[in-house]
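S.K.: Below you'll find data.txt; it's compact mmCIF, C-alpha atoms and all ligand atoms.
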# COMPACT_ATOMS: atom_id res chain seq x y z
CA MET A 1 -41.17 29.46 16.88
CA LYS A 2 -43.58 30.97 14.40
CA ARG A 3 -45.88 33.67 15.69
CA ILE A 4 -49.51 34.36 14.76
CA ILE A 5 -49.82 37.84 13.24
CA ASN A 6 -53.53 37.78 12.41
CA GLU A 7 -56.51 35.48 12.77
CA MET A 8 -60.18 35.29 11.91
CA LYS A 9 -63.25 33.16 12.47
CA LEU A 10 -66.28 33.10 10.27
CA ARG A 11 -69.59 31.24 10.39
CA LEU A 12 -71.62 31.05 7.20
CA PRO A 13 -74.85 29.22 6.37
CA ALA A 14 -74.08 26.21 4.16
CA ILE A 15 -75.70 27.67 1.05
CA SER A 16 -74.09 27.87 -2.36
CA VAL A 17 -73.55 31.65 -2.54
CA ASN A 18 -71.19 31.34 0.39
CA GLU A 19 -68.59 29.47 -1.66
CA ALA A 20 -67.82 32.77 -3.43
CA VAL A 21 -68.03 34.68 -0.15
CA ALA A 22 -65.46 32.35 1.45
CA ARG A 23 -63.11 32.77 -1.52
CA SER A 24 -63.29 36.56 -1.37
CA VAL A 25 -62.85 36.71 2.39
CA ILE A 26 -59.76 34.48 2.36
CA SER A 27 -58.22 36.62 -0.41
CA ALA A 28 -58.73 39.81 1.58
CA PHE A 29 -57.45 38.19 4.76
CA MET A 30 -54.24 36.91 3.09
CA ALA A 31 -53.41 40.21 1.37
CA GLU A 32 -51.18 41.21 4.28
CA LEU A 33 -48.71 38.45 3.33
CA ASN A 34 -48.36 39.82 -0.23
CA PRO A 35 -49.15 36.54 -1.98
CA THR A 36 -48.38 36.12 -5.68
CA VAL A 37 -51.34 35.83 -8.05
CA GLU A 38 -50.60 32.10 -8.26
CA GLU A 39 -50.46 31.58 -4.50
CA LEU A 40 -53.68 33.51 -4.07
CA GLY A 41 -55.36 31.38 -6.74
CA ASP A 42 -54.14 28.19 -5.08
CA VAL A 43 -55.53 29.06 -1.66
CA ARG A 44 -58.79 30.41 -3.09
CA CYS A 45 -59.25 27.17 -5.02
CA ALA A 46 -58.49 24.92 -2.03
CA VAL A 47 -60.82 26.90 0.24
CA SER A 48 -63.50 26.80 -2.39
CA GLU A 49 -63.30 22.98 -2.63
CA ALA A 50 -63.48 22.52 1.14
CA VAL A 51 -66.39 24.94 1.56
CA THR A 52 -68.20 23.38 -1.39
CA ASN A 53 -67.88 19.98 0.27
CA SER A 54 -69.49 21.26 3.47
CA ILE A 55 -72.26 22.87 1.44
CA VAL A 56 -72.90 19.95 -0.93
CA HIS A 57 -72.19 16.85 1.17
CA ALA A 58 -72.26 17.60 4.90
CA TYR A 59 -75.88 18.62 5.28
CA LYS A 60 -77.49 16.64 2.47
CA ASP A 61 -79.67 14.73 4.95
CA LEU A 62 -80.94 17.79 6.84
CA PRO A 63 -84.74 18.12 6.88
CA GLU A 64 -86.17 20.54 4.32
CA GLY A 65 -85.99 24.14 5.52
CA GLU A 66 -83.16 23.57 8.00
CA VAL A 67 -79.73 24.99 7.29
CA GLY A 68 -76.34 23.94 8.59
CA TYR A 69 -73.26 26.09 9.02
CA VAL A 70 -69.74 26.14 7.63
CA TYR A 71 -67.03 27.42 9.97
CA ILE A 72 -63.87 28.99 8.60
CA SER A 73 -60.97 29.74 10.84
CA ALA A 74 -57.78 31.19 9.38
CA ARG A 75 -54.43 32.35 10.69
CA LEU A 76 -51.42 34.18 9.31
CA TYR A 77 -47.96 33.54 10.73
CA ASP A 78 -44.91 35.77 10.73
CA VAL A 79 -43.02 33.17 8.65
CA GLY A 80 -45.33 33.91 5.71
CA GLU A 81 -47.63 30.97 6.31
CA VAL A 82 -51.39 30.78 6.10
CA SER A 83 -53.52 28.11 7.77
CA VAL A 84 -57.20 27.59 7.09
CA GLU A 85 -59.57 25.24 8.87
CA ILE A 86 -62.95 24.57 7.33
CA SER A 87 -65.38 22.58 9.41
CA ASP A 88 -69.02 21.59 9.64
CA ASN A 89 -71.36 19.74 11.97
CA GLY A 90 -72.69 17.59 9.16
CA CYS A 91 -72.94 13.88 8.40
CA GLY A 92 -69.20 13.24 8.56
CA ILE A 93 -67.16 10.83 6.44
CA GLU A 94 -67.21 7.07 7.10
CA ASP A 95 -63.83 6.34 5.49
CA VAL A 96 -61.59 9.39 5.06
CA ALA A 97 -58.85 7.51 3.18
CA LEU A 98 -61.39 6.29 0.65
CA ALA A 99 -62.97 9.76 0.35
CA ARG A 100 -59.52 11.20 -0.43
CA THR A 101 -59.00 8.75 -3.31
CA PRO A 102 -59.00 10.65 -6.62
CA ALA A 103 -62.28 10.27 -8.54
CA TYR A 104 -64.13 8.91 -5.50
CA THR A 105 -67.45 10.64 -5.01
CA THR A 106 -70.76 9.95 -3.33
CA GLY A 107 -72.27 12.79 -5.35
CA LYS A 108 -74.77 12.33 -8.14
CA LEU A 109 -73.33 10.84 -11.31
CA GLY A 110 -72.14 13.54 -13.68
CA GLU A 111 -72.48 16.30 -11.09
CA ARG A 112 -69.29 15.87 -9.07
CA CYS A 113 -65.96 14.50 -10.16
CA GLY A 114 -64.37 13.46 -6.87
CA MET A 115 -61.28 15.64 -7.26
CA GLY A 116 -61.87 18.08 -4.40
CA PHE A 117 -59.43 16.58 -1.92
CA LEU A 118 -56.82 16.15 -4.64
CA VAL A 119 -57.12 19.85 -5.51
CA MET A 120 -56.75 20.85 -1.84
CA GLU A 121 -53.75 18.56 -1.46
CA SER A 122 -51.95 19.77 -4.57
CA PHE A 123 -52.58 23.49 -4.08
CA MET A 124 -51.61 23.55 -0.41
CA ASP A 125 -48.48 22.33 1.42
CA SER A 126 -50.41 20.13 3.82
CA LEU A 127 -53.92 18.82 4.27
CA SER A 128 -55.38 17.01 7.24
CA VAL A 129 -58.93 15.68 7.34
CA LYS A 130 -60.63 14.75 10.58
CA SER A 131 -64.16 13.42 10.51
CA ARG A 132 -66.65 11.66 12.78
CA PRO A 133 -69.73 10.08 11.22
CA GLY A 134 -72.80 11.88 12.49
CA LYS A 135 -70.70 14.64 14.07
CA GLY A 136 -68.96 16.51 11.28
CA THR A 137 -65.78 17.13 9.38
CA ALA A 138 -62.78 19.42 9.79
CA VAL A 139 -60.25 20.08 7.06
CA LEU A 140 -57.00 21.81 8.03
CA MET A 141 -54.72 23.19 5.32
CA ARG A 142 -51.47 25.10 5.43
CA LYS A 143 -49.40 26.92 2.86
CA LYS A 144 -46.13 28.80 3.07
CA LEU A 145 -46.07 31.80 0.74
CA ASN A 146 -43.02 33.03 -1.18
CA PRO A 147 -41.01 30.04 0.07
N1 LIG B 201 -67.58 18.00 4.58
C1 LIG B 201 -67.96 16.79 4.15
N2 LIG B 201 -68.99 16.15 4.76
C2 LIG B 201 -69.39 14.91 4.35
N3 LIG B 201 -68.80 14.23 3.34
C3 LIG B 201 -67.77 14.82 2.70
C4 LIG B 201 -67.30 16.11 3.06
N4 LIG B 201 -66.25 16.42 2.26
C5 LIG B 201 -66.08 15.37 1.45
N5 LIG B 201 -66.98 14.39 1.69
C6 LIG B 201 -67.07 13.08 1.00
O1 LIG B 201 -65.85 12.87 0.29
C7 LIG B 201 -66.13 12.62 -1.09
C8 LIG B 201 -64.99 13.16 -1.95
O2 LIG B 201 -64.92 14.59 -1.88
P1 LIG B 201 -64.27 15.39 -3.10
O3 LIG B 201 -62.91 14.83 -3.36
O4 LIG B 201 -64.37 16.84 -2.82
O5 LIG B 201 -65.20 14.99 -4.34
P2 LIG B 201 -66.68 15.46 -4.72
O6 LIG B 201 -67.03 16.65 -3.86
O7 LIG B 201 -66.59 15.81 -6.18
O8 LIG B 201 -67.57 14.30 -4.44
C9 LIG B 201 -67.48 13.27 -1.32
O9 LIG B 201 -68.15 12.70 -2.43
C10 LIG B 201 -68.20 12.99 0.00
O10 LIG B 201 -68.69 11.66 0.04
MG MG B 202 -65.83 18.21 -3.50
Please lay out the structure from this file as structure tokens.

M.R.:
Amino acid sequence: MKRIINEMKLRLPAISVNEAVARSVISAFMAELNPTVEELGDVRCAVSEAVTNSIVHAYKDLPEGEVGYVYISARLYDVGEVSVEISDNGCGIEDVALARTPAYTTGKLGERCGMGFLVMESFMDSLSVKSRPGKGTAVLMRKKLNP
């Protein structure tokens, strides 16, 4: 049985500066596991894509002046594994399988390239996406370091 050696929870307003904040926080949090530069880059990138999605897509229909939140919950395990869950209470995703298709995007033409989920999938060992339309989305990712 793997054991949790550290954990954190973070709630950030879904505004664009917080993509960089999330990246920095996850780096600092993971330091204890002595990740390689490559592993650190992978997790930072995956977290950045998930947080960006909550910022860009989840709350796009919120009335002007209202702000939603992105929730980040991370754990370190004694087997050298990191898990990160990024969730929001936004619009949710109608068809998760379709959303995960490479190059699929509901973003404005030329602004987004629809590769976010592919990046998360390829940089992490596992990715699970749970979403309820009108309720929100949760993305759970895991990666074993120095395997
Ligand atoms: N947190 C989220 N809330 C609502 N919709 C989302 C969320 N994350 C992803 N999506 C949907 O999934 C699509 C694909 O996401 P992604 O692969 O990151 O591509 P992109 O962000 O470039 O559109 C998005 O265009 C959006 O429709
Ligand atoms: Mg994206």

S.K.: Given the choices A:Ser83, A:Ser48, A:Asn89, A:Ser16, which gets closest to ligand MG 202 (chain B) if the distance is worked out from all atoms listed in the file?

M.R.: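 Smallest separation from ligand MG 202 (chain B) among the options: A:Ser48.
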
S.K.: Neighbours of ligand MG 202 (chain B) within 10 Å, counting all atoms listed in the file, as a compact mmCIF listing (two decimals) with C-alpha atoms, keeping the file's coordinate frame?

M.R.:
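Produced file out_12.txt, reproduced below:
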# COMPACT_ATOMS: atom_id res chain seq x y z
CA SER A 48 -63.50 26.80 -2.39
CA GLU A 49 -63.30 22.98 -2.63
CA ALA A 50 -63.48 22.52 1.14
CA VAL A 51 -66.39 24.94 1.56
CA THR A 52 -68.20 23.38 -1.39
CA ASN A 53 -67.88 19.98 0.27
CA SER A 54 -69.49 21.26 3.47
CA ILE A 55 -72.26 22.87 1.44
CA VAL A 56 -72.90 19.95 -0.93
CA HIS A 57 -72.19 16.85 1.17
CA ALA A 99 -62.97 9.76 0.35
CA ARG A 100 -59.52 11.20 -0.43
CA TYR A 104 -64.13 8.91 -5.50
CA THR A 105 -67.45 10.64 -5.01
CA THR A 106 -70.76 9.95 -3.33
CA GLY A 107 -72.27 12.79 -5.35
CA ARG A 112 -69.29 15.87 -9.07
CA CYS A 113 -65.96 14.50 -10.16
CA GLY A 114 -64.37 13.46 -6.87
CA MET A 115 -61.28 15.64 -7.26
CA GLY A 116 -61.87 18.08 -4.40
CA PHE A 117 -59.43 16.58 -1.92
CA LEU A 118 -56.82 16.15 -4.64
CA VAL A 119 -57.12 19.85 -5.51
CA MET A 120 -56.75 20.85 -1.84

S.K.: Taking all atoms listed in the file into account, which of A:Leu12, A:Glu85, A:Arg23, A:Ala138 comes nearest ligand LIG 201 (chain B)?

M.R.: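 For ligand LIG 201 (chain B), the nearest of the given residues is A:Ala138.
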
S.K.: For A:Asp42, which residue among A:Ser128, A:Thr101, A:Ser122, A:Ser87 is the nearest when counting all atoms listed in the file?

M.R.: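 Going through A:Ser128, A:Thr101, A:Ser122, A:Ser87 one by one, the smallest distance to A:Asp42 is for A:Ser122.
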
S.K.: From the list A:Val37, A:Ala22, A:Ile93, A:Ile5, which residue is nearest A:Leu76 when using all atoms listed in the file?

M.R.: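 Between A:Val37, A:Ala22, A:Ile93, A:Ile5, the residue approaching A:Leu76 most closely is A:Ile5.
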
S.K.: Could you pull the residues within 12 Å of A:Ala28, counting only C-alpha atoms, minus those fewer than 6 positions along the same chain, as a list in words?

M.R.: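 Selected residues are Met8, Val21, Ala22, Asn34, Pro35, Leu40, Val43, Arg44 and Ala74 of chain A.
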
S.K.: Mind listing as a PyMOL selection string all residues within 10 Å of (-46.5, 34.8, 4.7), counting all atoms listed in the file?

M.R.: chain A and resi 5+30-35+76-82+143-147

S.K.: For A:Glu121, which residue out of A:Val47, A:Leu62, A:Cys91, A:Ile86 is the nearest one, using all atoms listed in the file?

M.R.: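 Result for the nearest residue to A:Glu121: A:Val47.
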
S.K.: Residues near A:Ser126, anyone? I mean within 6 Å using only C-alpha atoms, not counting same-chain ones fewer than 2 positions away, as a ChimeraX atom specification.

M.R.: /A:124,141-142

S.K.: Between A:Glu111, A:Glu94, A:Asp125, A:Glu7, which has the minimum distance to A:Thr137 (counting only C-alpha atoms)?

M.R.: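 Counting only C-alpha atoms, the residue closest to A:Thr137 is A:Glu94.
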
S.K.: Please indicate the distance in Å from atom CA of A:Leu109 to atom CA of A:Arg132, rounded to one decimal place.

M.R.: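 We find that atom CA of A:Leu109 and atom CA of A:Arg132 lie 25.0 Å from each other.
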
S.K.: May I have the protein, DNA and RNA residues with an atom at most 7 Å from (-65.0, 31.8, 6.6), counting all atoms listed in the file in the file's coordinates, returned as a list in words?

M.R.: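 Selection result: Lys9, Leu10, Arg11, Leu12, Ala22, Val25, Tyr71, Ile72 and Ser73 of chain A.
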
S.K.: Would you work out the distance separating atom CA of A:Lys108 from atom CA of A:Lys130, expressed in Å to one decimal?

M.R.: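 According to the coordinates, atom CA of A:Lys108 and atom CA of A:Lys130 are separated by 23.6 Å.
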
S.K.: Report the distance between atom C5 of ligand LIG 201 (chain B) and atom CA of A:Tyr59 in Å, rounded to one decimal place.

M.R.: 11.0 Å

S.K.: Mind working out the centre and edge lengths of an axis-aligned box for stretch 134-143 of chain A, all listed atoms inside, 8 Å added to each side, rounded to one decimal in Å and written as AutoDock Vina command-line options?

M.R.:
--center_x -61.1 --center_y 19.4 --center_z 8.5 --size_x 39.4 --size_y 31.0 --size_z 27.2

S.K.: Please export stretch 48-64 of chain A as a short mmCIF file (atom, residue, chain, number, x, y, z; two decimals), in the first residue's frame, restricted to N, CA and C atoms.

M.R.:
data_model
loop_
_atom_site.label_atom_id
_atom_site.label_comp_id
_atom_site.auth_asym_id
_atom_site.auth_seq_id
_atom_site.Cartn_x
_atom_site.Cartn_y
_atom_site.Cartn_z
N SER A 48 -0.64 23.20 -16.00
CA SER A 48 -0.92 24.44 -16.69
C SER A 48 -2.07 24.28 -17.69
N GLU A 49 -2.08 23.17 -18.43
CA GLU A 49 -3.17 22.93 -19.40
C GLU A 49 -4.52 22.78 -18.70
N ALA A 50 -4.52 22.03 -17.60
CA ALA A 50 -5.79 21.79 -16.89
C ALA A 50 -6.32 23.08 -16.28
N VAL A 51 -5.43 23.85 -15.66
CA VAL A 51 -5.84 25.11 -15.04
C VAL A 51 -6.30 26.11 -16.11
N THR A 52 -5.57 26.15 -17.21
CA THR A 52 -5.97 27.02 -18.32
C THR A 52 -7.38 26.68 -18.80
N ASN A 53 -7.68 25.39 -18.88
CA ASN A 53 -9.02 24.99 -19.33
C ASN A 53 -10.10 25.50 -18.38
N SER A 54 -9.85 25.40 -17.07
CA SER A 54 -10.84 25.92 -16.11
C SER A 54 -10.97 27.44 -16.24
N ILE A 55 -9.87 28.10 -16.51
CA ILE A 55 -9.90 29.56 -16.63
C ILE A 55 -10.60 29.99 -17.93
N VAL A 56 -10.23 29.32 -19.04
CA VAL A 56 -10.70 29.76 -20.35
C VAL A 56 -12.11 29.25 -20.68
N HIS A 57 -12.37 27.97 -20.37
CA HIS A 57 -13.63 27.36 -20.83
C HIS A 57 -14.73 27.30 -19.76
N ALA A 58 -14.35 26.95 -18.53
CA ALA A 58 -15.38 26.58 -17.53
C ALA A 58 -16.35 27.72 -17.23
N TYR A 59 -15.82 28.91 -17.13
CA TYR A 59 -16.65 30.03 -16.66
C TYR A 59 -16.96 31.04 -17.75
N LYS A 60 -16.88 30.60 -19.01
CA LYS A 60 -17.05 31.56 -20.11
C LYS A 60 -18.44 32.18 -20.15
N ASP A 61 -19.44 31.49 -19.54
CA ASP A 61 -20.80 32.03 -19.57
C ASP A 61 -21.19 32.78 -18.29
N LEU A 62 -20.22 32.97 -17.39
CA LEU A 62 -20.52 33.71 -16.16
C LEU A 62 -20.86 35.17 -16.49
N PRO A 63 -21.81 35.75 -15.78
CA PRO A 63 -22.13 37.17 -16.00
C PRO A 63 -20.90 38.04 -15.74
N GLU A 64 -20.81 39.11 -16.48
CA GLU A 64 -19.72 40.08 -16.35
C GLU A 64 -19.52 40.46 -14.87
#
